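Novice: Below you will find the structure I want to go over with you.
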Amino acid sequence: MVVAKSWTMVRHFDGAPQPEDFLLIEKELPPLKEGEVLLESEFLSVDPYMRPYSKMKLKEGDVIMGSQVARVVESKNPAFPVGACYVAYAGWTTHFISDGTELDALPSNWPDNLPRSLALGAVGMPGLTAYFGFLKVCNPKEGDVVLVNAAAGAVGSVVGQIAKIKGCKVIGSAGSDDKVGFLKEIGFDEAFNYKTVSSLAEALKTASPEGYDCYFDNVGGKFTDTALQQMKDFGRIAVCGAISLYNDSVPSTGPYIQPYILFKQLCMEGFFDTRWQDQFPEGLKQLLQWVIEGKLKYREHVTNGFENMPAGFIGLFKGENTGKAIIKM
């Protein structure tokens with residue numbers, strides 16, 4: 001018998017997630033039935049979306065949602081051979097049984113020298129979020145000036161590099177000098193540490209005096225209040241996240257953005273990557289090709305040990321990660 005370890009939610013988060021909000025449980029898995037496979041997680045993903053989604057989708061005691069790269073260790077389904085690896089959506093767990101539905105194979109041309117954990121990052125959900133959110137919502141044109149916040153994160157770092165591939169000027173904001181250095185390494189034209197600038201408005205103006213055509217927003221809140229004032233007429237804003245607000249116990253109020261949207265005739269649109277799910281194969285193919293060609297660089301923030309998964313998640317909201325946050329079994 002295989003014993004699966006899983007992290008469950010003790011209670012809904014009140015403010016920032018705390019270690020006592022998580023409980024590690026063990027469960028003995030039953031023998032496989034015909035058509036089933038047993039998988040063992042190799043890499044697991046922690047992402048900011050889990051914070052607001054847990055309130056909407058989970059009840060206390062549930063296994064926390066999330067995806068992993070998992071390897072088949074036993075199979076009674078010939079379509080899923082032992083040793084094959086898949087992206088799964090089984091939550092924070094070490095082992096699980098599947099009938100093969102919701103198991104996504106890695107692209108067939110995945111290079112042997114490329115970490116499979118990238119299927120949770122630049123060539124996975126964050127990469128697809130960046131790819132479709134930027135190209136479909138921002139609709140960039142060559143020469144556009146693009147602003148990305150949380151730019152050293154899993155999504156933002158990919159957005160900035162896609163913007164450069166498409167011939168844009170890219171300005172990124174991040175929360176440490178090391179992250180600013182990373183942004184310059186991967187090709188951002190300008191980057192600044194929003195925590196140390198004396199004025200966010202001045203930093204944005206200095207980076208691009210002429211303003212911004214596109215704004216890819218991962219942060220929301222006061223940053224966006226300031227950024228909207230510096231958009232060009234007919235600018236496009238892709239609202240991907242609002243991490244600055246996720247831990248607020250009391251909703252924030254004002255300033256109010258409608259005048260900027262009206263008088264600058266801005267287009268501001270929220271999105272989920274699943275809107276373009278039928279195009280995921282195309283997106284993954286392109287992202288992988290850019291990685292292979294060296295046009296799309298990546299960095300991973302790896303936390304070792306399943307027992308440290310809550311700490312890896314909590315660290316997201318303290319800005320500990322550069323690039324994709326990964327838990328390695």
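Residue numbering restarts at 1 for every chain of the structure tokens, chains are lettered A, B, ... in their displayed order, and ligands are numbered from 1 as they appear.
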Run DSSP on the backbone and tell me which residues of segment 41-282 of chain A come out as helix (DSSP H, G or I); list them as a ChimeraX atom specification.
Specialist: /A:50-57,116-120,125-138,156-165,177-185,200-207,221-228,258-263,273-282
Novice: Would you save the residues of that selection, restricted to C-alpha atoms, as a compact mmCIF listing (two decimals), in the first residue's frame?
Specialist:
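Done, and the output landed in out35.txt:
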```
# COMPACT_ATOMS: atom_id res chain seq x y z
CA MET A 50 -4.17 29.97 -4.55
CA ARG A 51 -4.75 32.68 -1.93
CA PRO A 52 -8.01 34.16 -3.32
CA TYR A 53 -9.15 30.93 -4.97
CA SER A 54 -8.95 28.99 -1.70
CA LYS A 55 -11.70 31.23 -0.32
CA MET A 56 -13.88 30.63 -3.36
CA LYS A 57 -13.20 26.97 -4.08
CA ARG A 116 10.60 19.16 -16.20
CA SER A 117 9.70 21.73 -13.55
CA LEU A 118 9.47 24.27 -16.38
CA ALA A 119 6.14 22.65 -17.25
CA LEU A 120 4.88 24.46 -14.12
CA MET A 125 0.43 27.84 -16.73
CA PRO A 126 2.46 31.00 -15.92
CA GLY A 127 3.97 31.02 -19.40
CA LEU A 128 0.57 30.59 -21.02
CA THR A 129 -0.84 33.34 -18.82
CA ALA A 130 1.90 35.67 -19.99
CA TYR A 131 1.65 34.58 -23.63
CA PHE A 132 -2.08 34.93 -24.11
CA GLY A 133 -2.67 37.74 -21.63
CA PHE A 134 -0.04 39.94 -23.22
CA LEU A 135 -0.59 39.09 -26.87
CA LYS A 136 -4.40 38.89 -26.80
CA VAL A 137 -5.31 41.56 -24.23
CA CYS A 138 -2.50 44.09 -24.61
CA GLY A 156 6.00 39.02 -15.32
CA SER A 157 9.45 37.82 -16.35
CA VAL A 158 7.93 35.95 -19.31
CA VAL A 159 5.74 38.91 -20.31
CA GLY A 160 8.74 41.21 -20.49
CA GLN A 161 10.72 38.83 -22.66
CA ILE A 162 7.80 38.24 -25.03
CA ALA A 163 7.44 42.01 -25.32
CA LYS A 164 11.10 42.28 -26.33
CA ILE A 165 10.66 39.48 -28.88
CA ASP A 177 17.91 45.23 -6.24
CA ASP A 178 18.75 41.58 -7.02
CA LYS A 179 15.48 41.25 -8.90
CA VAL A 180 16.17 44.46 -10.79
CA GLY A 181 19.52 42.96 -11.81
CA PHE A 182 17.74 39.83 -13.03
CA LEU A 183 15.38 41.91 -15.16
CA LYS A 184 18.29 43.65 -16.83
CA GLU A 185 19.95 40.27 -17.44
CA LEU A 200 6.69 55.71 -7.83
CA ALA A 201 5.21 58.34 -10.14
CA GLU A 202 8.64 59.86 -10.74
CA ALA A 203 10.23 56.46 -11.30
CA LEU A 204 7.63 55.61 -13.93
CA LYS A 205 8.05 58.99 -15.60
CA THR A 206 11.83 58.74 -15.62
CA ALA A 207 11.73 55.26 -17.14
CA GLY A 221 -3.75 48.61 -5.63
CA LYS A 222 -1.74 51.80 -5.27
CA PHE A 223 0.71 50.81 -7.99
CA THR A 224 -2.07 50.72 -10.55
CA ASP A 225 -3.60 53.94 -9.23
CA THR A 226 -0.28 55.59 -10.09
CA ALA A 227 0.43 53.75 -13.34
CA LEU A 228 -2.91 54.57 -14.96
CA GLN A 258 -12.73 55.75 -13.92
CA PRO A 259 -11.63 59.29 -14.92
CA TYR A 260 -8.30 57.99 -16.23
CA ILE A 261 -10.01 55.23 -18.18
CA LEU A 262 -12.53 57.70 -19.60
CA PHE A 263 -10.37 60.67 -20.54
CA ASP A 273 -5.57 31.95 -19.30
CA THR A 274 -8.29 29.29 -19.66
CA ARG A 275 -10.15 31.61 -22.04
CA TRP A 276 -7.71 30.40 -24.70
CA GLN A 277 -7.55 26.76 -23.57
CA ASP A 278 -8.20 25.49 -27.09
CA GLN A 279 -5.01 27.31 -28.15
CA PHE A 280 -2.79 25.96 -25.36
CA PRO A 281 -0.91 23.54 -27.67
CA GLU A 282 0.06 26.45 -29.93
```
Novice: Contacts of segment 288-292 of chain A at 9 Å or less, counting only C-alpha atoms, minus same-chain residues fewer than 3 places along, as a list of chain:residue names?
Specialist: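 These residues fall inside the cut-off: A:Pro107, A:Asn109, A:Trp110, A:Pro111, A:Leu114, A:Ala122, A:Val123, A:Gly283, A:Leu284, A:Lys285, A:Lys295, A:Leu296, A:Lys297, A:Tyr298.
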Novice: Check the smallest atom-to-atom distance from each of A:Ala151, A:Thr303, A:Ser252, A:Phe313 to Val219 of chain A using only C-alpha atoms, then report the winner.
Specialist: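 Ranking A:Ala151, A:Thr303, A:Ser252, A:Phe313 by distance to Val219 of chain A, first place goes to A:Ala151.
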Novice: Would you pick out the contacts of Tyr212 of chain A at 12 Å or less, using only C-alpha atoms, so that residues sharing its chain but fewer than 6 positions from it are not included, and give the list as a PyMOL selection string?
Specialist: chain A and resi 138+140+143-148+168-172+204-206+227-237+264+266
Novice: Which residues, written as number ranges by chain, have at least one atom at most 8 Å from segment 22-27 of chain A, with only C-alpha atoms counted and residues fewer than 2 positions away on the same chain left out?
Specialist: A: 3-11, 18-20, 29, 310
Novice: Store the residues of this selection in a file with N, CA, C and O atoms, as a short mmCIF file (atom, residue, chain, number, x, y, z; two decimals), in the first residue's frame.
Specialist:
```cif
data_model
loop_
_atom_site.label_atom_id
_atom_site.label_comp_id
_atom_site.auth_asym_id
_atom_site.auth_seq_id
_atom_site.Cartn_x
_atom_site.Cartn_y
_atom_site.Cartn_z
N VAL A 3 1.18 5.24 0.95
CA VAL A 3 0.63 6.26 1.83
C VAL A 3 0.91 7.62 1.19
O VAL A 3 2.07 7.98 0.93
N ALA A 4 -0.15 8.37 0.92
CA ALA A 4 -0.03 9.70 0.35
C ALA A 4 -0.02 10.73 1.48
O ALA A 4 -0.83 10.66 2.41
N LYS A 5 0.89 11.67 1.38
CA LYS A 5 0.89 12.82 2.28
C LYS A 5 0.27 14.01 1.55
O LYS A 5 0.56 14.23 0.37
N SER A 6 -0.56 14.76 2.26
CA SER A 6 -1.23 15.90 1.65
C SER A 6 -1.29 17.06 2.64
O SER A 6 -1.46 16.85 3.85
N TRP A 7 -1.18 18.25 2.09
CA TRP A 7 -1.37 19.45 2.91
C TRP A 7 -2.82 19.92 2.76
O TRP A 7 -3.31 20.09 1.64
N THR A 8 -3.49 20.10 3.89
CA THR A 8 -4.87 20.56 3.90
C THR A 8 -4.96 21.95 4.54
O THR A 8 -4.04 22.39 5.24
N MET A 9 -6.07 22.61 4.29
CA MET A 9 -6.32 23.93 4.84
C MET A 9 -7.10 23.80 6.15
O MET A 9 -8.23 23.31 6.16
N VAL A 10 -6.48 24.20 7.25
CA VAL A 10 -7.13 24.12 8.56
C VAL A 10 -8.30 25.08 8.63
O VAL A 10 -9.38 24.75 9.10
N ARG A 11 -8.09 26.29 8.14
CA ARG A 11 -9.13 27.33 8.15
C ARG A 11 -8.83 28.30 7.00
O ARG A 11 -7.70 28.36 6.51
N GLN A 18 -0.50 31.83 7.32
CA GLN A 18 0.39 31.53 8.45
C GLN A 18 0.64 30.02 8.50
O GLN A 18 -0.20 29.23 8.04
N PRO A 19 1.77 29.59 9.08
CA PRO A 19 2.05 28.14 9.16
C PRO A 19 0.94 27.34 9.81
O PRO A 19 0.67 26.20 9.40
N GLU A 20 0.27 27.91 10.79
CA GLU A 20 -0.79 27.17 11.50
C GLU A 20 -2.06 27.02 10.67
O GLU A 20 -3.00 26.32 11.08
N LEU A 29 -3.63 4.82 0.16
CA LEU A 29 -4.35 4.74 -1.11
C LEU A 29 -4.77 3.30 -1.40
O LEU A 29 -4.04 2.36 -1.08
N PRO A 310 4.20 24.73 2.71
CA PRO A 310 3.58 25.97 3.21
C PRO A 310 4.55 27.14 3.27
O PRO A 310 4.18 28.27 2.94
#
```
Novice: Suppose you want the space between atom CA of Leu106 of chain A and atom CA of Gly319 of chain A; what is it in Å?
Specialist: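 Straight-line distance from atom CA of Leu106 of chain A to atom CA of Gly319 of chain A works out to 29.1 Å.
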Novice: Find the distance between atom CA of Asp104 of chain A and atom CA of Asn308 of chain A and write it in Å to one decimal.
Specialist: 25.8 Å
Novice: Given the choices A:Ala84, A:Ile97, A:Leu245, A:Ile326, which gets closest to Glu34 of chain A if the distance is worked out from only C-alpha atoms?
Specialist: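 So, comparing all the options, the nearest one is A:Ile97.
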Novice: When you draw a straight line from atom CA of Thr94 of chain A to atom CA of Glu60 of chain A, how long is it in Å?
Specialist: 19.9 Å
Novice: How would you write, as JSON, numbers by chain, the set of residues in segment 149-319 of chain A that DSSP gives as strand (DSSP E or B)?
Specialist: {"A": [153, 169, 170, 171, 172, 173, 174, 190, 191, 192, 193, 212, 213, 214, 215, 216, 217, 231, 232, 233, 234, 235, 236, 237, 238, 239, 267, 268, 269, 270, 300, 301, 302, 303, 304]}
Novice: Which residues, written as a ChimeraX atom specification, have at least one atom at most 7 Å from segment 299-301 of chain A, with only C-alpha atoms counted and residues fewer than 2 positions away on the same chain left out?
Specialist: /A:303,321-326
Novice: Take the residues that were just selected and, keeping C-alpha atoms, output them as a compact mmCIF listing (two decimals), in the first residue's frame.
Specialist:
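This went into result_39.txt:
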```
# COMPACT_ATOMS: atom_id res chain seq x y z
CA THR A 303 12.16 24.94 -2.08
CA ASN A 321 10.98 34.27 -5.13
CA THR A 322 12.68 35.39 -8.30
CA GLY A 323 11.05 33.57 -11.19
CA LYS A 324 8.80 30.57 -10.63
CA ALA A 325 8.40 29.19 -7.10
CA ILE A 326 8.72 25.41 -7.18
```
